[in-house]
$ cat work-v8.txt   # compact mmCIF, N, CA and C atoms
# COMPACT_ATOMS: atom_id res chain seq x y z
N MET I 24 88.23 81.81 109.36
CA MET I 24 88.13 83.20 108.98
C MET I 24 89.42 83.91 109.41
N THR I 25 89.95 84.68 108.51
CA THR I 25 91.17 85.42 108.81
C THR I 25 90.88 86.91 108.84
N LEU I 26 91.70 87.60 109.56
CA LEU I 26 91.55 89.05 109.68
C LEU I 26 92.58 89.72 108.79
N ASP I 27 92.10 90.41 107.79
CA ASP I 27 92.98 91.15 106.89
C ASP I 27 93.17 92.56 107.44
N PHE I 28 94.41 92.92 107.68
CA PHE I 28 94.71 94.23 108.29
C PHE I 28 94.24 95.39 107.42
N ALA I 29 94.39 95.28 106.10
CA ALA I 29 93.99 96.36 105.20
C ALA I 29 92.47 96.55 105.23
N THR I 30 91.74 95.46 105.28
CA THR I 30 90.27 95.56 105.35
C THR I 30 89.84 96.19 106.67
N LEU I 31 90.44 95.74 107.75
CA LEU I 31 90.12 96.31 109.06
C LEU I 31 90.44 97.80 109.10
N LEU I 32 91.58 98.18 108.55
CA LEU I 32 91.97 99.59 108.51
C LEU I 32 90.98 100.41 107.67
N ALA I 33 90.53 99.87 106.55
CA ALA I 33 89.56 100.58 105.70
C ALA I 33 88.23 100.76 106.43
N ILE I 34 87.78 99.74 107.15
CA ILE I 34 86.52 99.83 107.90
C ILE I 34 86.64 100.89 109.00
N LEU I 35 87.75 100.88 109.71
CA LEU I 35 87.95 101.87 110.77
C LEU I 35 88.04 103.29 110.21
N ALA I 36 88.70 103.45 109.06
CA ALA I 36 88.79 104.77 108.44
C ALA I 36 87.42 105.27 107.99
N MET I 37 86.60 104.38 107.45
CA MET I 37 85.24 104.77 107.05
C MET I 37 84.40 105.14 108.27
N ALA I 38 84.57 104.42 109.38
CA ALA I 38 83.83 104.73 110.60
C ALA I 38 84.22 106.11 111.13
N VAL I 39 85.51 106.40 111.11
CA VAL I 39 85.99 107.72 111.58
C VAL I 39 85.47 108.83 110.67
N ALA I 40 85.51 108.60 109.36
CA ALA I 40 85.02 109.62 108.42
C ALA I 40 83.53 109.87 108.63
N THR I 41 82.77 108.80 108.85
CA THR I 41 81.33 108.95 109.09
C THR I 41 81.07 109.75 110.36
N MET I 42 81.77 109.42 111.43
CA MET I 42 81.58 110.14 112.69
C MET I 42 81.99 111.61 112.57
N LEU I 43 83.08 111.87 111.85
CA LEU I 43 83.51 113.26 111.69
C LEU I 43 82.50 114.09 110.91
N THR I 44 81.90 113.52 109.87
CA THR I 44 80.91 114.28 109.10
C THR I 44 79.66 114.54 109.94
N ARG I 45 79.27 113.59 110.75
CA ARG I 45 78.08 113.80 111.59
C ARG I 45 78.34 114.84 112.68
N VAL I 46 79.45 114.72 113.35
CA VAL I 46 79.77 115.64 114.43
C VAL I 46 80.05 117.04 113.89
N SER I 47 80.74 117.14 112.76
CA SER I 47 81.04 118.47 112.21
C SER I 47 79.76 119.20 111.82
N GLY I 48 78.76 118.48 111.37
CA GLY I 48 77.47 119.12 111.05
C GLY I 48 76.84 119.74 112.28
N LEU I 49 76.94 119.06 113.40
CA LEU I 49 76.38 119.60 114.64
C LEU I 49 77.11 120.87 115.08
N PHE I 50 78.41 120.89 114.90
CA PHE I 50 79.17 122.08 115.28
C PHE I 50 78.96 123.23 114.31
N LEU I 51 78.89 122.93 113.03
CA LEU I 51 78.74 123.99 112.02
C LEU I 51 77.36 124.63 112.04
N ILE I 52 76.33 123.86 112.37
CA ILE I 52 74.97 124.39 112.34
C ILE I 52 74.78 125.46 113.42
N ARG I 53 75.62 125.45 114.44
CA ARG I 53 75.53 126.47 115.49
C ARG I 53 75.85 127.87 114.97
N HIS I 54 76.59 127.95 113.87
CA HIS I 54 77.03 129.24 113.33
C HIS I 54 76.15 129.72 112.17
N VAL I 55 75.04 129.06 111.96
CA VAL I 55 74.14 129.42 110.86
C VAL I 55 72.80 129.82 111.44
N SER I 56 72.28 130.93 110.99
CA SER I 56 70.94 131.33 111.44
C SER I 56 69.91 130.60 110.58
N LEU I 57 68.99 129.94 111.25
CA LEU I 57 67.97 129.16 110.55
C LEU I 57 66.65 129.92 110.55
N GLU I 58 66.48 130.75 109.55
CA GLU I 58 65.26 131.53 109.42
C GLU I 58 64.72 131.39 108.01
N GLY I 59 63.43 131.39 107.88
CA GLY I 59 62.78 131.40 106.58
C GLY I 59 63.11 130.22 105.70
N SER I 60 63.65 130.50 104.53
CA SER I 60 63.88 129.45 103.53
C SER I 60 64.98 128.48 103.97
N ARG I 61 65.93 128.94 104.75
CA ARG I 61 66.97 128.03 105.25
C ARG I 61 66.38 126.97 106.16
N ARG I 62 65.49 127.39 107.01
CA ARG I 62 64.83 126.45 107.92
C ARG I 62 64.01 125.43 107.13
N LYS I 63 63.28 125.88 106.13
CA LYS I 63 62.49 124.97 105.31
C LYS I 63 63.38 123.98 104.56
N ALA I 64 64.52 124.46 104.09
CA ALA I 64 65.44 123.58 103.37
C ALA I 64 66.00 122.51 104.29
N ILE I 65 66.37 122.90 105.50
CA ILE I 65 66.90 121.93 106.47
C ILE I 65 65.82 120.93 106.86
N GLU I 66 64.61 121.40 107.06
CA GLU I 66 63.52 120.52 107.47
C GLU I 66 63.08 119.57 106.36
N SER I 67 63.38 119.90 105.11
CA SER I 67 62.98 119.01 104.02
C SER I 67 63.99 117.90 103.75
N ILE I 68 65.12 117.92 104.41
CA ILE I 68 66.14 116.90 104.18
C ILE I 68 65.69 115.50 104.64
N PRO I 69 65.17 115.32 105.85
CA PRO I 69 64.78 113.96 106.26
C PRO I 69 63.74 113.29 105.35
N PRO I 70 62.66 113.99 104.95
CA PRO I 70 61.74 113.33 104.03
C PRO I 70 62.37 113.02 102.67
N ALA I 71 63.27 113.87 102.21
CA ALA I 71 63.94 113.61 100.93
C ALA I 71 64.83 112.38 101.01
N VAL I 72 65.53 112.23 102.11
CA VAL I 72 66.38 111.05 102.29
C VAL I 72 65.51 109.80 102.41
N LEU I 73 64.41 109.90 103.14
CA LEU I 73 63.49 108.77 103.27
C LEU I 73 62.96 108.34 101.91
N MET I 74 62.57 109.30 101.09
CA MET I 74 62.05 108.95 99.77
C MET I 74 63.14 108.37 98.87
N ALA I 75 64.36 108.83 99.02
CA ALA I 75 65.46 108.26 98.23
C ALA I 75 65.71 106.81 98.60
N VAL I 76 65.46 106.47 99.85
CA VAL I 76 65.63 105.08 100.28
C VAL I 76 64.43 104.23 99.86
N VAL I 77 63.23 104.79 99.94
CA VAL I 77 62.00 104.04 99.70
C VAL I 77 61.67 103.89 98.21
N ALA I 78 62.00 104.87 97.40
CA ALA I 78 61.60 104.87 95.99
C ALA I 78 62.06 103.64 95.20
N PRO I 79 63.29 103.19 95.33
CA PRO I 79 63.67 101.98 94.58
C PRO I 79 62.82 100.76 94.92
N THR I 80 62.42 100.65 96.19
CA THR I 80 61.56 99.54 96.59
C THR I 80 60.19 99.66 95.94
N ALA I 81 59.69 100.88 95.85
CA ALA I 81 58.36 101.08 95.27
C ALA I 81 58.31 100.68 93.81
N PHE I 82 59.40 100.86 93.10
CA PHE I 82 59.38 100.60 91.66
C PHE I 82 59.93 99.24 91.27
N SER I 83 60.48 98.48 92.21
CA SER I 83 61.10 97.21 91.82
C SER I 83 60.51 96.00 92.52
N THR I 84 59.46 96.18 93.29
CA THR I 84 58.89 95.04 94.03
C THR I 84 57.40 94.92 93.73
N GLY I 85 56.70 94.18 94.57
CA GLY I 85 55.29 93.90 94.35
C GLY I 85 54.37 95.03 94.77
N ILE I 86 53.08 94.75 94.64
CA ILE I 86 52.05 95.76 94.92
C ILE I 86 52.00 96.11 96.41
N ALA I 87 52.24 95.14 97.29
CA ALA I 87 52.20 95.42 98.73
C ALA I 87 53.28 96.42 99.11
N GLU I 88 54.47 96.22 98.57
CA GLU I 88 55.57 97.13 98.88
C GLU I 88 55.35 98.51 98.29
N THR I 89 54.78 98.55 97.09
CA THR I 89 54.50 99.83 96.44
C THR I 89 53.46 100.62 97.23
N LEU I 90 52.40 99.96 97.67
CA LEU I 90 51.37 100.64 98.47
C LEU I 90 51.93 101.09 99.82
N ALA I 91 52.77 100.25 100.43
CA ALA I 91 53.38 100.63 101.71
C ALA I 91 54.31 101.83 101.53
N CYS I 92 55.00 101.89 100.41
CA CYS I 92 55.85 103.05 100.13
C CYS I 92 55.01 104.31 99.98
N ALA I 93 53.86 104.18 99.37
CA ALA I 93 52.96 105.33 99.23
C ALA I 93 52.46 105.79 100.60
N VAL I 94 52.11 104.83 101.45
CA VAL I 94 51.68 105.18 102.81
C VAL I 94 52.80 105.91 103.54
N THR I 95 54.01 105.41 103.41
CA THR I 95 55.16 106.03 104.05
C THR I 95 55.38 107.45 103.53
N ALA I 96 55.26 107.61 102.23
CA ALA I 96 55.47 108.93 101.62
C ALA I 96 54.43 109.94 102.09
N PHE I 97 53.17 109.55 102.12
CA PHE I 97 52.14 110.47 102.57
C PHE I 97 52.27 110.77 104.06
N ALA I 98 52.65 109.77 104.84
CA ALA I 98 52.82 109.98 106.28
C ALA I 98 53.99 110.92 106.56
N ALA I 99 55.02 110.87 105.72
CA ALA I 99 56.21 111.69 105.94
C ALA I 99 55.92 113.18 105.80
N PHE I 100 54.83 113.54 105.12
CA PHE I 100 54.49 114.95 104.98
C PHE I 100 54.07 115.58 106.31
N ARG I 101 53.42 114.81 107.18
CA ARG I 101 52.86 115.39 108.39
C ARG I 101 53.37 114.78 109.69
N LEU I 102 53.89 113.57 109.65
CA LEU I 102 54.27 112.87 110.87
C LEU I 102 55.78 112.82 111.02
N PRO I 103 56.25 112.57 112.23
CA PRO I 103 57.69 112.38 112.42
C PRO I 103 58.21 111.19 111.62
N MET I 104 59.50 111.19 111.31
CA MET I 104 60.08 110.15 110.47
C MET I 104 59.91 108.76 111.06
N LEU I 105 60.11 108.62 112.36
CA LEU I 105 59.99 107.31 112.98
C LEU I 105 58.58 106.75 112.84
N VAL I 106 57.59 107.60 113.01
CA VAL I 106 56.20 107.18 112.86
C VAL I 106 55.92 106.82 111.41
N SER I 107 56.44 107.58 110.47
CA SER I 107 56.24 107.30 109.05
C SER I 107 56.82 105.95 108.66
N VAL I 108 58.02 105.68 109.13
CA VAL I 108 58.65 104.40 108.83
C VAL I 108 57.89 103.26 109.49
N ALA I 109 57.45 103.46 110.71
CA ALA I 109 56.67 102.43 111.40
C ALA I 109 55.37 102.14 110.66
N LEU I 110 54.71 103.17 110.17
CA LEU I 110 53.49 102.97 109.38
C LEU I 110 53.79 102.20 108.10
N GLY I 111 54.90 102.50 107.46
CA GLY I 111 55.28 101.79 106.25
C GLY I 111 55.54 100.32 106.51
N VAL I 112 56.25 100.03 107.59
CA VAL I 112 56.54 98.63 107.94
C VAL I 112 55.26 97.90 108.29
N ALA I 113 54.39 98.52 109.08
CA ALA I 113 53.12 97.90 109.43
C ALA I 113 52.25 97.70 108.19
N SER I 114 52.26 98.66 107.29
CA SER I 114 51.45 98.55 106.07
C SER I 114 51.90 97.38 105.21
N VAL I 115 53.20 97.24 105.01
CA VAL I 115 53.68 96.14 104.17
C VAL I 115 53.39 94.80 104.84
N ALA I 116 53.50 94.73 106.16
CA ALA I 116 53.19 93.48 106.86
C ALA I 116 51.72 93.11 106.70
N ILE I 117 50.84 94.10 106.87
CA ILE I 117 49.40 93.85 106.74
C ILE I 117 49.05 93.48 105.30
N LEU I 118 49.58 94.22 104.34
CA LEU I 118 49.26 93.95 102.94
C LEU I 118 49.79 92.58 102.49
N ARG I 119 50.95 92.19 102.97
CA ARG I 119 51.46 90.85 102.65
C ARG I 119 50.62 89.77 103.29
N SER I 120 50.14 90.00 104.51
CA SER I 120 49.30 89.01 105.15
C SER I 120 47.94 88.87 104.46
N LEU I 121 47.52 89.94 103.78
CA LEU I 121 46.27 89.88 103.02
C LEU I 121 46.45 89.22 101.65
N GLY I 122 47.69 88.93 101.31
CA GLY I 122 47.94 88.22 100.06
C GLY I 122 48.33 89.10 98.89
N LEU I 123 48.58 90.35 99.13
CA LEU I 123 49.00 91.24 98.04
C LEU I 123 50.46 91.12 97.74

$ encode --input "work-v8.txt" --output "structure tokens"
Amino acid sequence: MTLDFATLLAILAMAVATMLTRVSGLFLIRHVSLEGSRRKAIESIPPAVLMAVVAPTAFSTGIAETLACAVTAFAAFRLPMLVSVALGVASVAILRSLGL
């Protein structure tokens, strides 16, 4: 295996860009008042991202994965994201063990 300098440089540049976007969001949010509809919009981002990740699996795989995606989606309405994802993973494991 050889180390290509251009590839390494591209990976490091992407890592720096990712960190800058994450950190800048934390600094910028301090200057925004989060009241009413702004707060609701910010709070709806994590479930929207979760559904964007889960939806392709729901439509391109078997019935166990589709049902687990539905469980994850319904759980995301009321539960924290980590709990929702854990329920989805547990659901797909149980449904696959049942033969679905």

$ residues_around --input "work-v8.txt" --residues "region 61-72 of chain I" --least-positions-apart "5" --cutoff "8 Å" --atoms "all atoms listed in the file" --output "list in words"
Ser56, Val77, Ala78, Ala99, Phe100 and Met104 of chain I

$ residues_around --input "work-v8.txt" --residues "region 81-95 of chain I" --least-positions-apart "4" --cutoff "6.5 Å" --atoms "all atoms listed in the file" --output "PyMOL selection string"
chain I and resi 77+99-100+107-108+110-111+114-115+118-119+123

$ atom_distance --input "work-v8.txt" --atom1 "atom C of His54 (chain I)" --atom2 "atom N of Leu73 (chain I)"
24.7 Å

$ atom_distance --input "work-v8.txt" --atom1 "atom N of Met74 (chain I)" --atom2 "atom N of Met42 (chain I)"
21.8 Å

$ atom_distance --input "work-v8.txt" --atom1 "CA of Ile117 (chain I)" --atom2 "CA of Phe97 (chain I)"
17.4 Å

$ axis_aligned_box --input "work-v8.txt" --around "region 54-65 of chain I" --padding-each-side "4 Å" --output "AutoDock Vina command-line options"
--center_x 69.8 --center_y 126.2 --center_z 108.6 --size_x 22.5 --size_y 18.6 --size_z 18.5

$ select_by_dssp --input "work-v8.txt" --residues "chain I" --states "alpha helix (DSSP H)" --output "PyMOL selection string"
chain I and resi 28-52+60-66+68-83+86-101+104-120

$ build_atoms --input "work-v8.txt" --residues "region 102-113 of chain I" --atoms "all heavy atoms" --output "short mmCIF file (atom, residue, chain, number, x, y, z; two decimals), keeping the file's coordinate frame"
data_model
loop_
_atom_site.label_atom_id
_atom_site.label_comp_id
_atom_site.auth_asym_id
_atom_site.auth_seq_id
_atom_site.Cartn_x
_atom_site.Cartn_y
_atom_site.Cartn_z
N LEU I 102 53.89 113.57 109.65
CA LEU I 102 54.27 112.87 110.87
C LEU I 102 55.78 112.82 111.02
O LEU I 102 56.51 112.97 110.05
CB LEU I 102 53.70 111.45 110.84
CG LEU I 102 52.18 111.35 110.75
CD1 LEU I 102 51.76 109.91 110.58
CD2 LEU I 102 51.51 111.95 111.97
N PRO I 103 56.25 112.57 112.23
CA PRO I 103 57.69 112.38 112.42
C PRO I 103 58.21 111.19 111.62
O PRO I 103 57.45 110.26 111.31
CB PRO I 103 57.83 112.13 113.92
CG PRO I 103 56.59 112.66 114.53
CD PRO I 103 55.52 112.54 113.49
N MET I 104 59.50 111.19 111.31
CA MET I 104 60.08 110.15 110.47
C MET I 104 59.91 108.76 111.06
O MET I 104 59.58 107.82 110.35
CB MET I 104 61.56 110.41 110.22
CG MET I 104 61.85 111.51 109.25
SD MET I 104 61.19 111.16 107.61
CE MET I 104 59.90 112.39 107.55
N LEU I 105 60.11 108.62 112.36
CA LEU I 105 59.99 107.31 112.98
C LEU I 105 58.58 106.75 112.84
O LEU I 105 58.39 105.57 112.54
CB LEU I 105 60.40 107.39 114.46
CG LEU I 105 60.43 106.07 115.21
CD1 LEU I 105 61.41 105.10 114.55
CD2 LEU I 105 60.81 106.29 116.66
N VAL I 106 57.59 107.60 113.01
CA VAL I 106 56.20 107.18 112.86
C VAL I 106 55.92 106.82 111.41
O VAL I 106 55.24 105.83 111.12
CB VAL I 106 55.25 108.28 113.37
CG1 VAL I 106 53.80 107.90 113.10
CG2 VAL I 106 55.48 108.56 114.83
N SER I 107 56.44 107.58 110.47
CA SER I 107 56.24 107.30 109.05
C SER I 107 56.82 105.95 108.66
O SER I 107 56.18 105.16 107.97
CB SER I 107 56.89 108.38 108.20
OG SER I 107 56.37 109.63 108.49
N VAL I 108 58.02 105.68 109.13
CA VAL I 108 58.65 104.40 108.83
C VAL I 108 57.89 103.26 109.49
O VAL I 108 57.68 102.20 108.87
CB VAL I 108 60.13 104.42 109.27
CG1 VAL I 108 60.75 103.05 109.16
CG2 VAL I 108 60.91 105.42 108.44
N ALA I 109 57.45 103.46 110.71
CA ALA I 109 56.67 102.43 111.40
C ALA I 109 55.37 102.14 110.66
O ALA I 109 54.97 100.97 110.53
CB ALA I 109 56.39 102.85 112.84
N LEU I 110 54.71 103.17 110.17
CA LEU I 110 53.49 102.97 109.38
C LEU I 110 53.79 102.20 108.10
O LEU I 110 53.01 101.33 107.69
CB LEU I 110 52.84 104.31 109.04
CG LEU I 110 52.03 104.95 110.15
CD1 LEU I 110 51.58 106.34 109.73
CD2 LEU I 110 50.83 104.11 110.50
N GLY I 111 54.90 102.50 107.46
CA GLY I 111 55.28 101.79 106.25
C GLY I 111 55.54 100.32 106.51
O GLY I 111 55.09 99.45 105.76
N VAL I 112 56.25 100.03 107.59
CA VAL I 112 56.54 98.63 107.94
C VAL I 112 55.26 97.90 108.29
O VAL I 112 55.03 96.76 107.85
CB VAL I 112 57.55 98.58 109.11
CG1 VAL I 112 57.69 97.18 109.66
CG2 VAL I 112 58.89 99.11 108.66
N ALA I 113 54.39 98.52 109.08
CA ALA I 113 53.12 97.90 109.43
C ALA I 113 52.25 97.70 108.19
O ALA I 113 51.61 96.64 108.04
CB ALA I 113 52.39 98.76 110.46
#
